[in-house]
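*Asks:* This is final-v2.tsv (TSV, C-alpha atoms).
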chain	number	residue	atom	x	y	z
X	3	MET	CA	-14.41	35.36	-58.92
X	4	SER	CA	-11.75	34.85	-61.59
X	5	ILE	CA	-8.67	32.81	-60.73
X	6	THR	CA	-5.43	31.68	-62.35
X	7	VAL	CA	-5.33	28.20	-63.88
X	8	ALA	CA	-1.88	26.64	-64.38
X	9	ILE	CA	-1.56	23.73	-66.83
X	10	ASP	CA	1.78	21.95	-67.09
X	11	GLY	CA	2.93	18.82	-68.87
X	12	PRO	CA	5.20	17.37	-71.55
X	13	ALA	CA	5.00	18.03	-75.28
X	14	GLY	CA	2.05	16.42	-77.03
X	15	ALA	CA	-0.02	15.91	-73.88
X	16	GLY	CA	-2.71	18.20	-75.28
X	17	LYS	CA	-1.97	21.28	-73.18
X	18	SER	CA	-2.56	23.81	-75.96
X	19	THR	CA	-5.86	22.31	-77.08
X	20	VAL	CA	-7.15	21.93	-73.53
X	21	ALA	CA	-5.93	25.34	-72.34
X	22	LYS	CA	-7.70	27.02	-75.25
X	23	ALA	CA	-10.91	25.17	-74.48
X	24	VAL	CA	-10.70	25.98	-70.75
X	25	ALA	CA	-10.09	29.67	-71.47
X	26	ALA	CA	-13.07	29.76	-73.83
X	27	ALA	CA	-15.35	27.93	-71.39
X	28	LEU	CA	-14.46	30.30	-68.55
X	29	SER	CA	-14.04	33.47	-70.67
X	30	TYR	CA	-10.46	33.72	-69.37
X	31	ARG	CA	-7.33	34.99	-71.13
X	32	LEU	CA	-5.08	32.36	-72.68
X	33	VAL	CA	-1.30	32.69	-72.18
X	34	ASP	CA	0.82	30.13	-74.04
X	35	THR	CA	4.15	30.36	-72.24
X	36	GLY	CA	5.67	27.70	-74.46
X	37	ALA	CA	5.08	30.03	-77.40
X	38	ILE	CA	7.13	32.68	-75.59
X	39	TYR	CA	10.17	30.38	-75.40
X	40	ARG	CA	9.58	29.28	-78.98
X	41	SER	CA	9.57	32.93	-80.02
X	42	VAL	CA	12.92	33.49	-78.33
X	43	ALA	CA	14.28	30.43	-80.17
X	44	LEU	CA	12.88	31.67	-83.49
X	45	LEU	CA	14.51	35.06	-83.08
X	46	ALA	CA	17.80	33.40	-82.11
X	47	GLN	CA	17.64	31.28	-85.26
X	48	ARG	CA	16.90	34.27	-87.44
X	49	GLN	CA	19.83	36.13	-85.96
X	50	LYS	CA	22.06	33.04	-86.28
X	51	MET	CA	22.77	33.27	-82.58
X	52	SER	CA	24.46	30.62	-80.49
X	53	LEU	CA	22.03	29.16	-77.96
X	54	ASP	CA	24.66	29.32	-75.21
X	55	ASP	CA	25.32	33.02	-75.80
X	56	ASP	CA	23.53	34.30	-72.71
X	57	LYS	CA	24.20	37.98	-73.36
X	58	SER	CA	22.65	37.84	-76.82
X	59	LEU	CA	19.71	35.79	-75.58
X	60	GLU	CA	19.15	38.32	-72.79
X	61	THR	CA	18.98	41.04	-75.44
X	62	ILE	CA	16.19	39.13	-77.19
X	63	VAL	CA	14.34	38.61	-73.91
X	64	ARG	CA	14.55	42.26	-72.89
X	65	GLY	CA	13.21	43.42	-76.23
X	66	LEU	CA	10.59	40.70	-76.65
X	67	ASP	CA	7.39	42.28	-77.95
X	68	ILE	CA	4.87	39.44	-77.91
X	69	ASP	CA	1.11	39.39	-77.96
X	70	PHE	CA	-1.63	36.77	-78.15
X	71	THR	CA	-4.85	37.28	-80.07
X	72	MET	CA	-7.64	34.75	-80.55
X	73	VAL	CA	-8.53	34.65	-84.25
X	74	ASP	CA	-11.21	32.25	-85.49
X	75	GLY	CA	-10.61	29.97	-82.53
X	76	VAL	CA	-6.81	30.00	-82.88
X	77	ASN	CA	-4.56	31.67	-80.30
X	78	ARG	CA	-2.34	33.58	-82.75
X	79	VAL	CA	1.14	34.65	-81.64
X	80	PHE	CA	2.49	38.01	-82.78
X	81	LEU	CA	6.07	39.24	-82.55
X	82	ARG	CA	6.25	42.97	-83.15
X	83	GLY	CA	3.05	42.64	-85.15
X	84	GLU	CA	4.24	39.65	-87.22
X	85	ASP	CA	2.11	36.51	-87.00
X	86	VAL	CA	4.59	33.74	-86.13
X	87	THR	CA	2.04	31.14	-85.00
X	88	ASP	CA	3.12	28.59	-87.60
X	89	ALA	CA	6.80	29.60	-87.73
X	90	ILE	CA	7.33	28.72	-84.06
X	91	ARG	CA	5.83	25.23	-84.39
X	92	THR	CA	8.49	23.59	-86.56
X	93	PRO	CA	10.56	20.68	-85.15
X	94	GLU	CA	13.68	22.86	-85.39
X	95	VAL	CA	12.16	25.63	-83.27
X	96	SER	CA	10.78	23.05	-80.83
X	97	ARG	CA	14.28	21.63	-80.36
X	98	ASP	CA	15.89	25.03	-79.88
X	99	ALA	CA	13.11	26.22	-77.57
X	100	SER	CA	13.89	23.30	-75.26
X	101	LEU	CA	17.58	24.28	-75.28
X	102	VAL	CA	16.85	27.98	-74.76
X	103	SER	CA	14.62	27.14	-71.82
X	104	THR	CA	17.60	25.61	-69.98
X	105	ARG	CA	19.33	29.00	-69.78
X	106	PRO	CA	18.72	30.48	-66.29
X	107	SER	CA	19.04	34.04	-67.59
X	108	VAL	CA	16.29	33.43	-70.14
X	109	ARG	CA	13.92	31.82	-67.65
X	110	GLN	CA	14.52	34.56	-65.09
X	111	GLY	CA	14.16	37.27	-67.70
X	112	LEU	CA	10.81	35.92	-68.88
X	113	LEU	CA	9.29	35.47	-65.42
X	114	ALA	CA	8.10	39.06	-65.11
X	115	LEU	CA	6.60	38.98	-68.61
X	116	GLN	CA	4.69	35.77	-67.91
X	117	ARG	CA	3.39	37.03	-64.57
X	118	ARG	CA	2.31	40.29	-66.15
X	119	LEU	CA	0.41	38.39	-68.83
X	120	ALA	CA	-1.21	36.29	-66.09
X	121	GLY	CA	-2.45	39.44	-64.38
X	122	HIS	CA	-4.44	39.00	-61.18
X	123	GLY	CA	-6.56	36.06	-62.25
X	124	GLY	CA	-8.94	35.26	-65.03
X	125	ALA	CA	-6.13	33.63	-67.02
X	126	VAL	CA	-5.14	30.17	-68.18
X	127	LEU	CA	-1.39	29.63	-68.52
X	128	GLU	CA	0.12	26.52	-70.01
X	129	GLY	CA	3.73	25.45	-70.12
X	130	ARG	CA	6.21	23.37	-68.15
X	131	ASP	CA	6.86	25.29	-64.94
X	132	ILE	CA	3.69	27.33	-64.43
X	133	GLY	CA	2.52	25.67	-61.25
X	134	THR	CA	6.01	25.29	-59.80
X	135	VAL	CA	7.70	28.61	-60.71
X	136	VAL	CA	5.65	31.12	-62.69
X	137	CYS	CA	2.39	30.98	-60.73
X	138	PRO	CA	3.06	28.82	-57.65
X	139	ASN	CA	0.04	30.33	-55.88
X	140	ALA	CA	-2.44	29.48	-58.65
X	141	PRO	CA	-5.58	28.05	-57.01
X	142	VAL	CA	-5.88	25.36	-59.71
X	143	LYS	CA	-2.82	23.50	-61.00
X	144	ILE	CA	-3.10	20.74	-63.57
X	145	TYR	CA	-0.38	18.32	-64.67
X	146	LEU	CA	-1.52	16.92	-68.00
X	147	ASP	CA	0.26	13.84	-69.30
X	148	ALA	CA	-0.22	11.00	-71.80
X	149	ASP	CA	1.59	7.92	-73.02
X	150	PRO	CA	4.65	8.90	-75.15
X	151	GLY	CA	3.40	6.90	-78.12
X	152	GLU	CA	0.05	8.65	-78.01
X	153	ARG	CA	1.70	12.04	-77.63
X	154	ALA	CA	3.87	11.33	-80.67
X	155	ARG	CA	0.80	10.26	-82.66
X	156	ARG	CA	-0.95	13.53	-81.87
X	157	ARG	CA	2.08	15.63	-82.77
X	158	LEU	CA	2.55	13.65	-86.01
X	159	GLU	CA	-1.06	14.33	-86.96
X	160	GLU	CA	-0.57	18.03	-86.23
X	161	LEU	CA	2.63	18.28	-88.29
X	162	ARG	CA	1.26	16.33	-91.24
X	163	GLY	CA	-1.80	18.53	-91.18
X	164	LYS	CA	0.59	21.41	-91.82
X	165	GLY	CA	2.19	19.60	-94.73
X	166	LYS	CA	5.29	18.40	-92.89
X	167	ASP	CA	6.85	15.15	-94.16
X	168	VAL	CA	7.75	13.40	-90.92
X	169	THR	CA	7.59	9.87	-89.53
X	170	HIS	CA	6.17	8.61	-86.26
X	171	GLU	CA	9.58	7.27	-85.29
X	172	ALA	CA	11.27	10.65	-85.82
X	173	VAL	CA	8.58	12.51	-83.88
X	174	LEU	CA	8.69	10.01	-81.01
X	175	SER	CA	12.50	10.17	-80.85
X	176	ASP	CA	12.43	13.97	-80.80
X	177	MET	CA	9.73	13.96	-78.13
X	178	VAL	CA	11.60	11.53	-75.85
X	179	ALA	CA	14.74	13.64	-76.19
X	180	ARG	CA	12.84	16.79	-75.37
X	181	ASP	CA	11.21	15.17	-72.33
X	182	ALA	CA	14.68	14.25	-71.05
X	183	GLN	CA	15.93	17.80	-71.57
X	184	ASP	CA	12.90	19.41	-69.94
X	185	MET	CA	12.83	17.07	-66.95
X	186	GLY	CA	16.57	17.00	-66.46
X	187	ARG	CA	17.44	20.68	-66.65
X	188	GLU	CA	18.86	22.22	-63.51
X	189	HIS	CA	16.63	25.28	-63.41
X	190	ALA	CA	12.83	24.98	-63.32
X	191	PRO	CA	12.62	21.40	-64.63
X	192	LEU	CA	9.37	19.99	-65.91
X	193	LYS	CA	7.57	18.39	-62.98
X	194	ALA	CA	4.19	18.42	-61.32
X	195	ALA	CA	3.59	20.84	-58.46
X	196	ASP	CA	3.00	19.07	-55.16
X	197	ASP	CA	-0.63	20.19	-55.14
X	198	ALA	CA	-1.32	19.66	-58.84
X	199	ILE	CA	-4.19	17.57	-60.14
X	200	HIS	CA	-2.74	14.80	-62.34
X	201	LEU	CA	-4.68	14.06	-65.53
X	202	ASP	CA	-3.64	11.30	-67.94
X	203	SER	CA	-5.23	12.16	-71.27
X	204	THR	CA	-4.16	8.99	-73.10
X	205	ALA	CA	-7.65	7.51	-73.07
X	206	LEU	CA	-9.60	10.73	-72.51
X	207	THR	CA	-11.19	12.95	-75.13
X	208	PRO	CA	-10.40	16.68	-75.05
X	209	GLU	CA	-14.00	17.21	-73.93
X	210	GLU	CA	-13.55	14.91	-70.95
X	211	VAL	CA	-10.33	16.65	-69.93
X	212	LEU	CA	-12.07	20.01	-70.28
X	213	GLU	CA	-14.96	18.92	-68.06
X	214	ARG	CA	-12.61	17.79	-65.29
X	215	ILE	CA	-10.57	21.00	-65.30
X	216	VAL	CA	-13.60	23.28	-65.42
X	217	ALA	CA	-15.10	21.32	-62.51
X	218	ALA	CA	-11.87	21.85	-60.54
X	219	VAL	CA	-11.98	25.59	-61.28
X	220	ARG	CA	-15.63	25.83	-60.21
X	221	GLN	CA	-14.82	23.96	-57.01
X	222	ALA	CA	-12.00	26.42	-56.33
X	223	GLY	CA	-14.41	29.33	-56.69
X	224	GLY	CA	-13.55	30.37	-60.25
Would you give me this structure, written as structure tokens?

*Replies:*
Amino acid sequence: MSITVAIDGPAGAGKSTVAKAVAAALSYRLVDTGAIYRSVALLAQRQKMSLDDDKSLETIVRGLDIDFTMVDGVNRVFLRGEDVTDAIRTPEVSRDASLVSTRPSVRQGLLALQRRLAGHGGAVLEGRDIGTVVCPNAPVKIYLDADPGERARRRLEELRGKGKDVTHEAVLSDMVARDAQDMGREHAPLKAADDAIHLDSTALTPEEVLERIVAAVRQAGG
């Protein structure tokens, strides 16, 4: 039996890496919901749109043509056929994605899309409100966390690997600010579902996190 696996947690906790590994291990689809919000933010930036202009944001959401394709082990994100995988991972898009995600109309508008991508099981979804809002009936819910300093170190390594000239202090400051926004927003704030399995990845390897999640899925009948 294939089931839905919901993985939530703050930025830099390792959700993307772990979700990809879990999907590969189980032969499940991988749905990066954070990439969906990032894509909305990217389009808003390109159109020089105000992030509190709900009507314009709703237009983006209604016309959002997004697809995920695994290419050489990377979950590539395509907007109307354009590969935006790298474009949506800049600090500027990350900041705006957090702001866009506070708009109730955007979150509500994207719910149907996310649930359609989840299908009827056999999917791994990662984000910030998967277990609480998007897929509250998912048989396996994971809340993945890590120490802020460690999360900043991981994100710094990722950004520098892409040629970005950033400091640990700047990344940590941005991450703490984003955590506050995500956890403090009125609609669908970042939090663990009541029945979620809490995993602190600070001292765990990706392989160890993977083993624990796959074991939870197997125990749940997946």

*Asks:* Quick one: residues within 12 Å of (-3.1, 20.2, -59.2) (file frame), counting all atoms listed in the file, please, as JSON, numbers by chain.

*Replies:* {"X": [7, 8, 9, 10, 11, 132, 133, 134, 138, 139, 140, 141, 142, 143, 144, 145, 146, 193, 194, 195, 196, 197, 198, 199, 200, 201, 214, 215, 218, 219, 222]}

*Asks:* Would you tabulate, counting all atoms listed in the file, all residues of range 10-84 of chain X that have an atom at most 10 Å from an atom of range 151-162 of chain X, showing the closest pair of atoms and their distance in Å to one decimal, sorted by chain then ascending number, as CSV?

*Replies:*
residue,atom,partner,partner_atom,distance
X:Pro12,CA,X:Arg153,CA,8.8
X:Ala13,CA,X:Arg153,CA,7.2
X:Gly14,CA,X:Arg153,CA,4.4
X:Ala15,CA,X:Arg153,CA,5.7
X:Gly16,CA,X:Arg153,CA,7.9

*Asks:* Hey, what's within 9 Å of Glu188 in chain X if we count all atoms listed in the file and toss same-chain stuff fewer than 2 positions away? As an MDAnalysis selection string, please?

*Replies:* chainID X and resid 104 106 185:186 190:191

*Asks:* Keeping only C-alpha atoms, write those residues as a PDB file, in the frame of the given file.

*Replies:*
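File produced: out_16.pdb:
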ATOM      1  CA  THR X 104      17.600  25.610 -69.980  1.00  0.00           C
ATOM      2  CA  PRO X 106      18.720  30.480 -66.290  1.00  0.00           C
ATOM      3  CA  MET X 185      12.830  17.070 -66.950  1.00  0.00           C
ATOM      4  CA  GLY X 186      16.570  17.000 -66.460  1.00  0.00           C
ATOM      5  CA  ALA X 190      12.830  24.980 -63.320  1.00  0.00           C
ATOM      6  CA  PRO X 191      12.620  21.400 -64.630  1.00  0.00           C
TER       7      PRO X 191
END

*Asks:* With all atoms listed in the file as the atoms that count, which of X:Met51, X:Cys137, X:Ala37, X:Val108 lies nearest to Asp85 in chain X?

*Replies:* X:Ala37

*Asks:* Residues within 9 Å of Leu112 in chain X, please, as a list of chain:residue names. Count all atoms listed in the file; anything in the same chain fewer than 3 positions from it doesn't count.

*Replies:* X:Ile38, X:Tyr39, X:Val63, X:Arg64, X:Ser107, X:Val108, X:Arg109, X:Leu115, X:Gln116, X:Arg117

*Asks:* Missing atoms in range 29-65 of chain X: can you complete it with N, CA and C atoms, as a compact mmCIF listing (two decimals), in the frame of the given file?

*Replies:*
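To be explicit, this is the file written out as out-v8.txt:
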# COMPACT_ATOMS: atom_id res chain seq x y z
N SER X 29 -14.24 32.08 -70.20
CA SER X 29 -14.04 33.47 -70.67
C SER X 29 -12.80 34.08 -70.02
N TYR X 30 -11.73 33.29 -69.93
CA TYR X 30 -10.46 33.72 -69.37
C TYR X 30 -9.48 34.04 -70.51
N ARG X 31 -8.42 34.77 -70.18
CA ARG X 31 -7.33 34.99 -71.13
C ARG X 31 -6.52 33.71 -71.26
N LEU X 32 -5.92 33.52 -72.44
CA LEU X 32 -5.08 32.36 -72.68
C LEU X 32 -3.64 32.81 -72.91
N VAL X 33 -2.72 32.33 -72.07
CA VAL X 33 -1.30 32.69 -72.18
C VAL X 33 -0.50 31.42 -72.44
N ASP X 34 0.03 31.30 -73.65
CA ASP X 34 0.82 30.13 -74.04
C ASP X 34 2.29 30.44 -73.77
N THR X 35 2.77 30.03 -72.60
CA THR X 35 4.15 30.36 -72.24
C THR X 35 5.16 29.61 -73.10
N GLY X 36 4.77 28.42 -73.58
CA GLY X 36 5.67 27.70 -74.46
C GLY X 36 5.94 28.49 -75.73
N ALA X 37 4.92 29.22 -76.20
CA ALA X 37 5.08 30.03 -77.40
C ALA X 37 6.07 31.17 -77.16
N ILE X 38 6.18 31.61 -75.91
CA ILE X 38 7.13 32.68 -75.59
C ILE X 38 8.56 32.16 -75.76
N TYR X 39 8.84 30.96 -75.24
CA TYR X 39 10.17 30.38 -75.40
C TYR X 39 10.45 30.04 -76.86
N ARG X 40 9.43 29.57 -77.56
CA ARG X 40 9.58 29.28 -78.98
C ARG X 40 9.91 30.56 -79.75
N SER X 41 9.32 31.66 -79.35
CA SER X 41 9.57 32.93 -80.02
C SER X 41 11.01 33.39 -79.81
N VAL X 42 11.52 33.17 -78.60
CA VAL X 42 12.92 33.49 -78.33
C VAL X 42 13.82 32.63 -79.22
N ALA X 43 13.49 31.34 -79.33
CA ALA X 43 14.28 30.43 -80.17
C ALA X 43 14.22 30.84 -81.64
N LEU X 44 13.04 31.24 -82.10
CA LEU X 44 12.88 31.67 -83.49
C LEU X 44 13.74 32.88 -83.79
N LEU X 45 13.71 33.85 -82.89
CA LEU X 45 14.51 35.06 -83.08
C LEU X 45 16.01 34.74 -83.05
N ALA X 46 16.39 33.80 -82.18
CA ALA X 46 17.80 33.40 -82.11
C ALA X 46 18.22 32.74 -83.41
N GLN X 47 17.34 31.92 -83.97
CA GLN X 47 17.64 31.28 -85.26
C GLN X 47 17.79 32.32 -86.36
N ARG X 48 16.87 33.25 -86.40
CA ARG X 48 16.90 34.27 -87.44
C ARG X 48 18.16 35.12 -87.36
N GLN X 49 18.63 35.31 -86.14
CA GLN X 49 19.83 36.13 -85.96
C GLN X 49 21.10 35.29 -85.94
N LYS X 50 20.92 33.98 -86.24
CA LYS X 50 22.06 33.04 -86.28
C LYS X 50 22.88 33.12 -84.99
N MET X 51 22.17 33.10 -83.90
CA MET X 51 22.77 33.27 -82.58
C MET X 51 23.04 31.93 -81.92
N SER X 52 24.15 31.83 -81.23
CA SER X 52 24.46 30.62 -80.49
C SER X 52 23.51 30.52 -79.29
N LEU X 53 23.00 29.32 -79.04
CA LEU X 53 22.03 29.16 -77.96
C LEU X 53 22.68 29.12 -76.57
N ASP X 54 24.00 29.19 -76.52
CA ASP X 54 24.66 29.32 -75.21
C ASP X 54 25.27 30.70 -75.03
N ASP X 55 24.87 31.63 -75.90
CA ASP X 55 25.32 33.02 -75.80
C ASP X 55 24.31 33.78 -74.95
N ASP X 56 24.51 33.73 -73.63
CA ASP X 56 23.53 34.30 -72.71
C ASP X 56 23.30 35.80 -72.92
N LYS X 57 24.36 36.53 -73.19
CA LYS X 57 24.20 37.98 -73.36
C LYS X 57 23.30 38.31 -74.54
N SER X 58 23.49 37.59 -75.65
CA SER X 58 22.65 37.84 -76.82
C SER X 58 21.21 37.39 -76.57
N LEU X 59 21.06 36.27 -75.89
CA LEU X 59 19.71 35.79 -75.58
C LEU X 59 19.00 36.78 -74.65
N GLU X 60 19.74 37.33 -73.70
CA GLU X 60 19.15 38.32 -72.79
C GLU X 60 18.68 39.55 -73.55
N THR X 61 19.40 39.91 -74.61
CA THR X 61 18.98 41.04 -75.44
C THR X 61 17.64 40.76 -76.09
N ILE X 62 17.46 39.53 -76.59
CA ILE X 62 16.19 39.13 -77.19
C ILE X 62 15.08 39.20 -76.15
N VAL X 63 15.35 38.65 -74.97
CA VAL X 63 14.34 38.61 -73.91
C VAL X 63 13.91 40.02 -73.50
N ARG X 64 14.88 40.90 -73.31
CA ARG X 64 14.55 42.26 -72.89
C ARG X 64 13.71 43.00 -73.92
N GLY X 65 13.95 42.71 -75.18
CA GLY X 65 13.21 43.42 -76.23
C GLY X 65 12.03 42.65 -76.79
